[in-house]
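Notes follow the structure.
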Amino acid sequence: MSGIGTTGAEVSTARSRVARGPGVAVADGLVMTQRNMAQLVRSPEEISLYFSLPILFVLVFGYVFGSGMQVPDGGGYREFLLPGVFAMTMLYGMGATGTALAFDVSRGVVDRFRSMPMARSALLVGRCLADLLRALLEMTVLVVCGLLVGWQWHRGVGLALLAVALVLLLRVAMSWIGIYIGLLLPNPDSVGTVIFPLAFPLTALSSIFVEPDLMPGWLGAVAEWNPLSATVAAIRELFGNPGLSGGSWPTDNALLLAVLWPVVLIAVFAPLAVRRYQRLTD
């Protein structure tokens, strides 16, 4: 055995990994989730930074520009705006995901975890679950902020919870994109320079701030097919908020697209992230 360069410790570690069942892998993932959440609690400045941007958008667009904005069915602009802010916050959350993971890679944390008798999936699963918990916290803050500025839902608690579930599904998709970028660019300073140029056009060319019907024809068509617009249109419908224009396939099937787009993104980026992670650890 010594002829192939395999140490006894490596063989022991490999055997322990084979012996560990899926239940233990889930437990390892939960441990990593706790570790990631503990890091978040120890960084309140990071929480303030990522919460301040969407709240600032609510205040600036809702109060400063809101009186000049038009909503197709004549509803209040702040009720039109808040569902878009929910989706936008999930999009920009992938920046925190990518930066945190790139930080772990650059410090050699991934290599240290590799040497431990833990499931290799634990790091990625723990990151995704921690992002989901963080998204729940963000949604709670934003809903409270929305209620304070006059936003509300009108179609019952059940449909409102379904809308929140669609927002969280979008966040899971954004998390896997962030995980892939964080593994691809192990320099934390490089992550933001890549994610912002990706996120800003998606935000601008969507129905977050302006209804696509008010845009030039080709631009409105691009905005309607934007994954963010699908989620925004769907949750506006579920919340009973204004801005429910119809007449095109994407707007008439917003609920379907709000599920399909995140599922497609997860199906593409989750395998890419896993493959990149395997290359780092093999």
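Just remember, in the structure tokens the first chain shown is A, the second B, etc., residues are 1-based per chain, and ligands are 1-based in the order shown.
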
- Task: For Glu46 in chain A, work out the shell of residues within 12 Å, counting only C-alpha atoms and skipping chain neighbours fewer than 6 positions away, then give it as a ChimeraX atom specification.
- Result: /A:39-40,52-53,93,95-97,99-100,134

Could you make a table, as a tab-separated table, of the residues of range 205-272 of chain A that have an atom within 8 Å of an atom of range 149-154 of chain A, each with its nearest atom pair and distance in Å to one decimal, counting only C-alpha atoms, in chain and number order?
```
residue	atom	partner	partner_atom	distance
A:Phe239	CA	A:Trp153	CA	4.6
A:Gly240	CA	A:His154	CA	5.1
A:Asn241	CA	A:Trp153	CA	6.8
```

- Task: For Gly62 in chain A, list every protein, DNA or RNA residue within 10 Å, evaluated using only C-alpha atoms, and leave out those in the same chain fewer than 4 positions away; present the list as a list in words.
- Result: Leu56, Phe57, Val58, Gly66, Ser67, Gly68, Met69, Gly76, Tyr77, Arg78, Glu79, Phe80, Leu81, Leu82, Val149, Gly150 and Phe209 of chain A

If we count only C-alpha atoms and set the cut-off at 10 Å, which residues sit around Val210 in chain A, ignoring sequence neighbours fewer than 5 positions away in its own chain? Please answer as a PDB file with all heavy atoms, in the first residue's frame.
```pdb
ATOM      1  N   MET A  69     -44.222  58.250  -9.799  1.00  0.00           N
ATOM      2  CA  MET A  69     -44.289  56.945 -10.441  1.00  0.00           C
ATOM      3  C   MET A  69     -45.739  56.580 -10.769  1.00  0.00           C
ATOM      4  O   MET A  69     -46.663  56.923 -10.021  1.00  0.00           O
ATOM      5  CB  MET A  69     -43.680  55.869  -9.533  1.00  0.00           C
ATOM      6  CG  MET A  69     -42.198  56.070  -9.255  1.00  0.00           C
ATOM      7  SD  MET A  69     -41.203  55.734 -10.719  1.00  0.00           S
ATOM      8  CE  MET A  69     -39.543  55.836  -9.999  1.00  0.00           C
ATOM      9  N   GLN A  70     -45.916  55.867 -11.872  1.00  0.00           N
ATOM     10  CA  GLN A  70     -47.245  55.449 -12.288  1.00  0.00           C
ATOM     11  C   GLN A  70     -47.408  53.945 -12.116  1.00  0.00           C
ATOM     12  O   GLN A  70     -46.524  53.178 -12.468  1.00  0.00           O
ATOM     13  CB  GLN A  70     -47.494  55.814 -13.753  1.00  0.00           C
ATOM     14  CG  GLN A  70     -47.472  57.316 -14.035  1.00  0.00           C
ATOM     15  CD  GLN A  70     -47.732  57.618 -15.491  1.00  0.00           C
ATOM     16  OE1 GLN A  70     -47.962  56.705 -16.284  1.00  0.00           O
ATOM     17  NE2 GLN A  70     -47.697  58.882 -15.847  1.00  0.00           N
ATOM     18  N   VAL A  71     -48.531  53.571 -11.589  1.00  0.00           N
ATOM     19  CA  VAL A  71     -48.902  52.163 -11.477  1.00  0.00           C
ATOM     20  C   VAL A  71     -50.054  51.933 -12.443  1.00  0.00           C
ATOM     21  O   VAL A  71     -51.023  52.704 -12.442  1.00  0.00           O
ATOM     22  CB  VAL A  71     -49.315  51.802 -10.037  1.00  0.00           C
ATOM     23  CG1 VAL A  71     -49.724  50.342  -9.947  1.00  0.00           C
ATOM     24  CG2 VAL A  71     -48.160  52.090  -9.086  1.00  0.00           C
ATOM     25  N   PRO A  72     -49.973  50.906 -13.293  1.00  0.00           N
ATOM     26  CA  PRO A  72     -50.967  50.733 -14.361  1.00  0.00           C
ATOM     27  C   PRO A  72     -52.414  50.746 -13.901  1.00  0.00           C
ATOM     28  O   PRO A  72     -53.265  51.343 -14.546  1.00  0.00           O
ATOM     29  CB  PRO A  72     -50.592  49.374 -14.967  1.00  0.00           C
ATOM     30  CG  PRO A  72     -49.135  49.251 -14.717  1.00  0.00           C
ATOM     31  CD  PRO A  72     -48.894  49.915 -13.395  1.00  0.00           C
ATOM     32  N   TYR A  77     -48.056  53.341  -5.065  1.00  0.00           N
ATOM     33  CA  TYR A  77     -46.746  52.911  -5.538  1.00  0.00           C
ATOM     34  C   TYR A  77     -45.987  52.117  -4.480  1.00  0.00           C
ATOM     35  O   TYR A  77     -45.239  51.198  -4.819  1.00  0.00           O
ATOM     36  CB  TYR A  77     -45.902  54.119  -5.970  1.00  0.00           C
ATOM     37  CG  TYR A  77     -44.561  53.709  -6.527  1.00  0.00           C
ATOM     38  CD1 TYR A  77     -44.456  53.082  -7.769  1.00  0.00           C
ATOM     39  CD2 TYR A  77     -43.391  53.912  -5.798  1.00  0.00           C
ATOM     40  CE1 TYR A  77     -43.229  52.675  -8.281  1.00  0.00           C
ATOM     41  CE2 TYR A  77     -42.151  53.515  -6.305  1.00  0.00           C
ATOM     42  CZ  TYR A  77     -42.078  52.893  -7.536  1.00  0.00           C
ATOM     43  OH  TYR A  77     -40.864  52.485  -8.035  1.00  0.00           O
ATOM     44  N   PHE A  80     -46.937  48.683  -4.739  1.00  0.00           N
ATOM     45  CA  PHE A  80     -46.330  48.135  -5.953  1.00  0.00           C
ATOM     46  C   PHE A  80     -44.856  47.824  -5.731  1.00  0.00           C
ATOM     47  O   PHE A  80     -44.324  46.824  -6.223  1.00  0.00           O
ATOM     48  CB  PHE A  80     -46.496  49.158  -7.086  1.00  0.00           C
ATOM     49  CG  PHE A  80     -45.760  48.812  -8.352  1.00  0.00           C
ATOM     50  CD1 PHE A  80     -46.331  47.993  -9.320  1.00  0.00           C
ATOM     51  CD2 PHE A  80     -44.485  49.311  -8.592  1.00  0.00           C
ATOM     52  CE1 PHE A  80     -45.645  47.684 -10.486  1.00  0.00           C
ATOM     53  CE2 PHE A  80     -43.797  49.007  -9.752  1.00  0.00           C
ATOM     54  CZ  PHE A  80     -44.382  48.194 -10.708  1.00  0.00           C
ATOM     55  N   LEU A  81     -44.171  48.669  -4.964  1.00  0.00           N
ATOM     56  CA  LEU A  81     -42.721  48.587  -4.811  1.00  0.00           C
ATOM     57  C   LEU A  81     -42.274  47.462  -3.900  1.00  0.00           C
ATOM     58  O   LEU A  81     -41.274  46.783  -4.195  1.00  0.00           O
ATOM     59  CB  LEU A  81     -42.192  49.920  -4.265  1.00  0.00           C
ATOM     60  CG  LEU A  81     -40.701  49.997  -3.932  1.00  0.00           C
ATOM     61  CD1 LEU A  81     -39.861  49.851  -5.198  1.00  0.00           C
ATOM     62  CD2 LEU A  81     -40.385  51.312  -3.225  1.00  0.00           C
ATOM     63  N   GLY A  84     -41.240  44.005  -5.127  1.00  0.00           N
ATOM     64  CA  GLY A  84     -39.996  44.082  -5.874  1.00  0.00           C
ATOM     65  C   GLY A  84     -38.780  44.149  -4.966  1.00  0.00           C
ATOM     66  O   GLY A  84     -37.742  43.555  -5.254  1.00  0.00           O
ATOM     67  N   ALA A 204     -32.316  46.375 -12.833  1.00  0.00           N
ATOM     68  CA  ALA A 204     -32.801  47.490 -13.653  1.00  0.00           C
ATOM     69  C   ALA A 204     -33.761  47.018 -14.739  1.00  0.00           C
ATOM     70  O   ALA A 204     -34.778  47.678 -15.013  1.00  0.00           O
ATOM     71  CB  ALA A 204     -31.613  48.227 -14.276  1.00  0.00           C
ATOM     72  N   LEU A 205     -33.447  45.881 -15.368  1.00  0.00           N
ATOM     73  CA  LEU A 205     -34.282  45.359 -16.447  1.00  0.00           C
ATOM     74  C   LEU A 205     -35.300  44.368 -15.901  1.00  0.00           C
ATOM     75  O   LEU A 205     -35.347  43.197 -16.285  1.00  0.00           O
ATOM     76  CB  LEU A 205     -33.416  44.697 -17.522  1.00  0.00           C
ATOM     77  CG  LEU A 205     -32.411  45.612 -18.229  1.00  0.00           C
ATOM     78  CD1 LEU A 205     -31.575  44.822 -19.212  1.00  0.00           C
ATOM     79  CD2 LEU A 205     -33.135  46.753 -18.929  1.00  0.00           C
ATOM     80  N   MET A 215     -42.259  50.555 -20.292  1.00  0.00           N
ATOM     81  CA  MET A 215     -40.950  50.589 -20.930  1.00  0.00           C
ATOM     82  C   MET A 215     -41.103  50.539 -22.446  1.00  0.00           C
ATOM     83  O   MET A 215     -42.168  50.175 -22.963  1.00  0.00           O
ATOM     84  CB  MET A 215     -40.103  49.392 -20.459  1.00  0.00           C
ATOM     85  CG  MET A 215     -39.874  49.317 -18.975  1.00  0.00           C
ATOM     86  SD  MET A 215     -38.917  47.818 -18.543  1.00  0.00           S
ATOM     87  CE  MET A 215     -38.880  47.948 -16.759  1.00  0.00           C
ATOM     88  N   GLY A 220     -39.341  46.219 -22.513  1.00  0.00           N
ATOM     89  CA  GLY A 220     -40.405  45.617 -21.715  1.00  0.00           C
ATOM     90  C   GLY A 220     -40.460  44.109 -21.878  1.00  0.00           C
ATOM     91  O   GLY A 220     -40.714  43.378 -20.912  1.00  0.00           O
ATOM     92  N   ALA A 223     -37.724  42.626 -19.817  1.00  0.00           N
ATOM     93  CA  ALA A 223     -38.071  42.708 -18.397  1.00  0.00           C
ATOM     94  C   ALA A 223     -39.101  41.654 -18.012  1.00  0.00           C
ATOM     95  O   ALA A 223     -39.036  41.088 -16.908  1.00  0.00           O
ATOM     96  CB  ALA A 223     -38.601  44.104 -18.069  1.00  0.00           C
ATOM     97  N   GLY A 243     -50.292  46.393  -9.933  1.00  0.00           N
ATOM     98  CA  GLY A 243     -49.280  46.130 -10.943  1.00  0.00           C
ATOM     99  C   GLY A 243     -49.499  44.830 -11.676  1.00  0.00           C
ATOM    100  O   GLY A 243     -48.560  44.290 -12.254  1.00  0.00           O
TER     101      GLY A 243
END
```

- Item | Nearest residue to Leu132 in chain A from the set A:Ala102, A:Trp218, A:Pro117, A:Thr33 (distances using only C-alpha atoms) |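 Closest to Leu132 in chain A, using only C-alpha atoms: A:Thr33.
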
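Neighbours of Ser248 in chain A closer than or equal to 12 Å, with only C-alpha atoms counted and sequence neighbours fewer than 2 positions away skipped, come out as Pro212, Asp213, Gly220, Ala221, Ala223, Glu224, Trp225, Leu244, Ser245, Gly246, Pro250, Thr251, Asp252, Asn253 and Ala254 of chain A.
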
- What is the distance between CA of Ala270 in chain A and CA of Val164 in chain A, in Å to one decimal? 22.1 Å

- If you count only C-alpha atoms, which residues fall within 12 Å of Leu202 in chain A, apart from same-chain ones fewer than 5 positions away, as an MDAnalysis selection string? chainID A and resid 84 87:88 91:92 195:197 207:209 222:230

- Query: If you run DSSP on this backbone, which residues of range 98-260 of chain A come out as helix (DSSP H, G or I), and could you give them as number ranges by chain?
  - Reply: A: 98-106, 109-114, 122-148, 157-184, 188-204, 212-214, 217-224, 227-239, 249-252, 254-260

Please write the residues from the selection above to a file, keeping C-alpha atoms, as a short mmCIF file (atom, residue, chain, number, x, y, z; two decimals), in the first residue's frame.
```cif
data_model
loop_
_atom_site.label_atom_id
_atom_site.label_comp_id
_atom_site.auth_asym_id
_atom_site.auth_seq_id
_atom_site.Cartn_x
_atom_site.Cartn_y
_atom_site.Cartn_z
CA GLY A 98 -20.10 34.25 -2.45
CA THR A 99 -17.93 36.49 -0.28
CA ALA A 100 -18.24 34.28 2.81
CA LEU A 101 -17.40 31.12 0.89
CA ALA A 102 -14.48 32.75 -0.93
CA PHE A 103 -13.19 33.88 2.46
CA ASP A 104 -13.27 30.29 3.73
CA VAL A 105 -11.40 29.06 0.66
CA SER A 106 -8.75 31.79 0.84
CA VAL A 109 -10.83 26.57 6.00
CA VAL A 110 -12.09 24.24 3.27
CA ASP A 111 -8.86 22.25 3.44
CA ARG A 112 -9.16 21.94 7.22
CA PHE A 113 -12.73 20.73 6.94
CA ARG A 114 -11.58 18.20 4.36
CA ALA A 122 -21.78 19.54 4.69
CA LEU A 123 -20.01 22.77 3.74
CA LEU A 124 -22.28 23.53 0.78
CA VAL A 125 -25.47 22.31 2.46
CA GLY A 126 -24.66 24.30 5.59
CA ARG A 127 -24.06 27.44 3.56
CA CYS A 128 -27.34 27.05 1.68
CA LEU A 129 -29.34 26.42 4.88
CA ALA A 130 -27.70 29.37 6.63
CA ASP A 131 -28.63 31.58 3.68
CA LEU A 132 -32.21 30.37 3.93
CA LEU A 133 -32.37 31.25 7.63
CA ARG A 134 -30.82 34.62 6.89
CA ALA A 135 -33.42 35.18 4.17
CA LEU A 136 -36.20 34.51 6.71
CA LEU A 137 -34.67 37.15 8.96
CA GLU A 138 -34.41 39.60 6.07
CA MET A 139 -38.01 38.97 5.04
CA THR A 140 -39.21 39.56 8.60
CA VAL A 141 -37.43 42.91 8.74
CA LEU A 142 -38.68 43.96 5.30
CA VAL A 143 -42.28 42.96 6.01
CA VAL A 144 -42.23 45.02 9.21
CA CYS A 145 -40.67 47.92 7.31
CA GLY A 146 -43.32 47.59 4.59
CA LEU A 147 -46.16 47.60 7.08
CA LEU A 148 -44.74 50.76 8.64
CA VAL A 157 -52.47 34.74 5.24
CA GLY A 158 -52.31 31.51 3.21
CA LEU A 159 -51.54 33.23 -0.09
CA ALA A 160 -49.17 35.62 1.67
CA LEU A 161 -47.19 32.64 3.03
CA LEU A 162 -47.13 31.14 -0.46
CA ALA A 163 -45.69 34.41 -1.75
CA VAL A 164 -42.98 34.30 0.93
CA ALA A 165 -42.21 30.69 -0.08
CA LEU A 166 -41.67 31.84 -3.68
CA VAL A 167 -39.31 34.55 -2.47
CA LEU A 168 -37.34 32.00 -0.45
CA LEU A 169 -37.20 29.65 -3.45
CA LEU A 170 -35.63 32.49 -5.41
CA ARG A 171 -33.13 32.97 -2.57
CA VAL A 172 -32.11 29.30 -2.73
CA ALA A 173 -31.40 29.72 -6.45
CA MET A 174 -29.38 32.88 -5.79
CA SER A 175 -27.49 31.08 -3.02
CA TRP A 176 -26.27 28.38 -5.40
CA ILE A 177 -25.13 31.04 -7.86
CA GLY A 178 -23.29 32.78 -5.04
CA ILE A 179 -21.75 29.48 -3.88
CA TYR A 180 -20.47 28.78 -7.39
CA ILE A 181 -18.98 32.27 -7.76
CA GLY A 182 -17.40 32.05 -4.31
CA LEU A 183 -15.72 28.76 -5.20
CA LEU A 184 -14.72 30.00 -8.64
CA PRO A 188 -13.21 37.65 -1.46
CA ASP A 189 -12.43 41.07 -2.94
CA SER A 190 -13.11 39.76 -6.44
CA VAL A 191 -16.57 38.41 -5.65
CA GLY A 192 -18.22 41.82 -5.38
CA THR A 193 -16.65 43.01 -8.62
CA VAL A 194 -18.31 40.09 -10.41
CA ILE A 195 -21.67 39.94 -8.65
CA PHE A 196 -22.60 43.63 -8.85
CA PRO A 197 -22.27 43.81 -12.67
CA LEU A 198 -24.48 40.70 -12.80
CA ALA A 199 -27.07 41.84 -10.28
CA PHE A 200 -27.52 45.46 -11.32
CA PRO A 201 -28.75 44.78 -14.90
CA LEU A 202 -31.12 42.09 -13.59
CA THR A 203 -32.53 44.64 -11.15
CA ALA A 204 -32.80 47.49 -13.65
CA PRO A 212 -42.75 46.56 -18.16
CA ASP A 213 -45.77 48.04 -19.96
CA LEU A 214 -44.31 51.50 -19.34
CA GLY A 217 -41.34 47.59 -26.44
CA TRP A 218 -38.16 45.50 -26.66
CA LEU A 219 -37.04 46.54 -23.18
CA GLY A 220 -40.40 45.62 -21.71
CA ALA A 221 -40.20 42.17 -23.34
CA VAL A 222 -36.77 41.58 -21.79
CA ALA A 223 -38.07 42.71 -18.40
CA GLU A 224 -41.07 40.39 -18.58
CA PRO A 227 -36.46 35.71 -13.50
CA LEU A 228 -36.86 38.51 -10.95
CA SER A 229 -39.91 39.85 -12.78
CA ALA A 230 -41.54 36.41 -12.68
CA THR A 231 -41.22 36.23 -8.90
CA VAL A 232 -42.25 39.86 -8.44
CA ALA A 233 -45.34 39.50 -10.64
CA ALA A 234 -46.33 36.27 -8.90
CA ILE A 235 -46.04 37.63 -5.36
CA ARG A 236 -47.85 40.85 -6.32
CA GLU A 237 -50.73 38.67 -7.42
CA LEU A 238 -50.61 36.56 -4.25
CA PHE A 239 -50.35 39.61 -1.99
CA TRP A 249 -47.47 34.91 -21.77
CA PRO A 250 -44.91 35.74 -19.02
CA THR A 251 -47.32 37.97 -17.11
CA ASP A 252 -50.27 35.59 -17.52
CA ALA A 254 -46.12 34.47 -13.62
CA LEU A 255 -46.79 31.83 -10.93
CA LEU A 256 -45.51 29.07 -13.19
CA LEU A 257 -42.39 31.03 -14.14
CA ALA A 258 -41.77 31.98 -10.50
CA VAL A 259 -41.30 28.27 -9.81
CA LEU A 260 -39.62 27.25 -13.06
#
```

- Work out how far CA of Ala119 in chain A is from CA of Gln278 in chain A, in Å to one decimal.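 Distance between the two atoms: 12.3 Å.
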